[in-house]
Amino acid sequence: MSENQPVFDRDLGRRRLARALAVGYPDFLLARAAEDLAERLDAVLRRFTLAADLGTPLPVAAPVLRVKAEALLRMAEAAGADADILGDLERLPFAVGSLDLAASLLALHGVNDLPGALIQIRRALRPDGLFIGCLLGGRTLQELRQVLLEAEAETSGGASPRVAPFADLRDMGSLLQRAGFALPVVDSELVTVRYRDIFGLLGDLRAMGWANALTQRSRTGLRRETLARAAALYAERFADADGRLRATFEMVWLSGWAPHESQQKPLRPGSAKARLADALGVPEIGAGDKAPR
């Protein structure tokens, strides 16, 4: 993901998000993320001076952040959102060292330069400031991706990308470290949403502004026979006993702190005060010794 080869058409994505907000954005995933955010911040035993909500589509994070912070700024990426600032996650409108707490729910997976966005967030934090974010991970919509690719290949002899690529969980920790965060933590949860048919899922994705905004997307819509074949494949492979279809959303959580001298640091090699062998109550074995049998 880079500015030279953008994955997403960001302007198109913002326009679709603005339309989604105007007609009624389905909040089921965001509500889940806001509940999880509250639980995670409950474990942080301090209050913050200034918090910022970075790009969360609906104002669901604001009540959670206000519990922990004396003041809150909400930045939205699309017109029509209830926000203090209209901004861009790839060009944050915050001064260096101006925030104590930053949170973002289900927005960062849509940026072209995730490492760059994380660097900007870290720079916007004061020393010992906290970032916590939730974004969609690589297993999101794995069922839909599979059936659309196969159905289009069968019915048209080729396939174009229809579902966005999402960052892999295994890469997230290194991205936080590259951005300069201390004490990085990454984990994920699979959330399964069930639908009567594929059309209900596609309708929700459009209603959240998540229709295909890839720069390499096909400019023609899915053919009727392709969509019908995808619907049949989905029902055949991913239906529960009651006939309802499963859709997977991987919610990846990231957290890290802006470095500060008060934070825990790993011990220097050779600085241990006790030997592991003593702690285990066994004799120490040198490099040339053989282990007892």
# chains A, B, ... in the order shown; residues from 1 in each chain; ligands from 1
call {"tool": "closest_atom_pairs", "arguments": {"of": "range 94-121 of chain A", "to": "range 69-80 of chain A", "cutoff": "12 Å", "atoms": "only C-alpha atoms", "output": "CSV"}}
result
residue,atom,partner,partner_atom,distance
A:Phe94,CA,A:Met75,CA,10.0
A:Ser98,CA,A:Leu73,CA,11.3
A:Leu99,CA,A:Leu73,CA,9.6
A:Asp100,CA,A:Ala69,CA,8.6
A:Leu101,CA,A:Ala69,CA,7.8
A:Ala102,CA,A:Leu73,CA,9.6
A:Ala103,CA,A:Arg74,CA,9.7
A:Ser104,CA,A:Met75,CA,9.6
A:Leu105,CA,A:Ala76,CA,11.3
A:Ala107,CA,A:Glu77,CA,9.0
A:Leu108,CA,A:Glu77,CA,10.9
A:Gly110,CA,A:Glu77,CA,11.0
A:Val111,CA,A:Glu77,CA,11.1
call {"tool": "residues_around", "arguments": {"residues": "range 127-136 of chain A", "least_positions_apart": "2", "cutoff": "8 Å", "atoms": "only C-alpha atoms", "output": "PyMOL selection string"}}
result
chain A and resi 33+97+99-109+121-122+125+138+140+166-167+249-260+263
call {"tool": "atom_distance", "arguments": {"atom1": "CA of Thr155 in chain A", "atom2": "CA of Trp210 in chain A"}}
result
24.5 Å
call {"tool": "select_by_dssp", "arguments": {"residues": "range 191-256 of chain A", "states": "strand (DSSP E or B)", "output": "count of residues only"}}
result
19
call {"tool": "residues_around", "arguments": {"residues": "Arg47 in chain A", "least_positions_apart": "2", "cutoff": "9 Å", "atoms": "only C-alpha atoms", "output": "list in words"}}
result
Val44, Leu45, Thr49, Val67, Lys68, Ala69 and Glu70 of chain A
call {"tool": "write_last_selection", "arguments": {"atoms": "N, CA, C and O atoms", "output": "PDB file, in the first residue's frame"}}
result
ATOM      1  N   VAL A  44      -7.390   0.557  31.600  1.00  0.00           N
ATOM      2  CA  VAL A  44      -6.381   1.616  31.660  1.00  0.00           C
ATOM      3  C   VAL A  44      -6.706   2.507  32.860  1.00  0.00           C
ATOM      4  O   VAL A  44      -7.708   3.232  32.854  1.00  0.00           O
ATOM      5  N   LEU A  45      -5.861   2.453  33.867  1.00  0.00           N
ATOM      6  CA  LEU A  45      -6.169   3.116  35.139  1.00  0.00           C
ATOM      7  C   LEU A  45      -5.613   4.532  35.178  1.00  0.00           C
ATOM      8  O   LEU A  45      -4.795   4.897  36.027  1.00  0.00           O
ATOM      9  N   THR A  49      -6.182  14.008  29.157  1.00  0.00           N
ATOM     10  CA  THR A  49      -6.628  15.395  29.006  1.00  0.00           C
ATOM     11  C   THR A  49      -7.442  15.590  27.736  1.00  0.00           C
ATOM     12  O   THR A  49      -8.582  16.047  27.765  1.00  0.00           O
ATOM     13  N   VAL A  67     -15.654   9.201  28.932  1.00  0.00           N
ATOM     14  CA  VAL A  67     -15.485   8.651  30.277  1.00  0.00           C
ATOM     15  C   VAL A  67     -14.028   8.735  30.709  1.00  0.00           C
ATOM     16  O   VAL A  67     -13.723   8.893  31.892  1.00  0.00           O
ATOM     17  N   LYS A  68     -13.112   8.667  29.745  1.00  0.00           N
ATOM     18  CA  LYS A  68     -11.695   8.616  30.046  1.00  0.00           C
ATOM     19  C   LYS A  68     -10.971   9.946  29.853  1.00  0.00           C
ATOM     20  O   LYS A  68      -9.812  10.079  30.248  1.00  0.00           O
ATOM     21  N   ALA A  69     -11.602  10.910  29.197  1.00  0.00           N
ATOM     22  CA  ALA A  69     -10.901  12.136  28.834  1.00  0.00           C
ATOM     23  C   ALA A  69     -11.674  13.377  29.267  1.00  0.00           C
ATOM     24  O   ALA A  69     -12.910  13.366  29.313  1.00  0.00           O
ATOM     25  N   GLU A  70     -10.952  14.416  29.555  1.00  0.00           N
ATOM     26  CA  GLU A  70     -11.584  15.678  29.949  1.00  0.00           C
ATOM     27  C   GLU A  70     -12.184  16.414  28.757  1.00  0.00           C
ATOM     28  O   GLU A  70     -13.158  17.156  28.897  1.00  0.00           O
TER      29      GLU A  70
END
call {"tool": "residues_around", "arguments": {"residues": "range 142-146 of chain A", "least_positions_apart": "4", "cutoff": "10 Å", "atoms": "only C-alpha atoms", "output": "ChimeraX atom specification"}}
result
/A:138,150-151,161-165,198,201-202,230-231,233-234,237-238,245-250
call {"tool": "select_by_dssp", "arguments": {"residues": "range 169-239 of chain A", "states": "helix (DSSP H, G or I)", "output": "ChimeraX atom specification"}}
result
/A:169-178,198-207,224-237
call {"tool": "atom_distance", "arguments": {"atom1": "CA of Ser160 in chain A", "atom2": "CA of Gly137 in chain A"}}
result
20.7 Å
call {"tool": "atom_distance", "arguments": {"atom1": "CA of Arg32 in chain A", "atom2": "CA of Leu89 in chain A"}}
result
21.8 Å
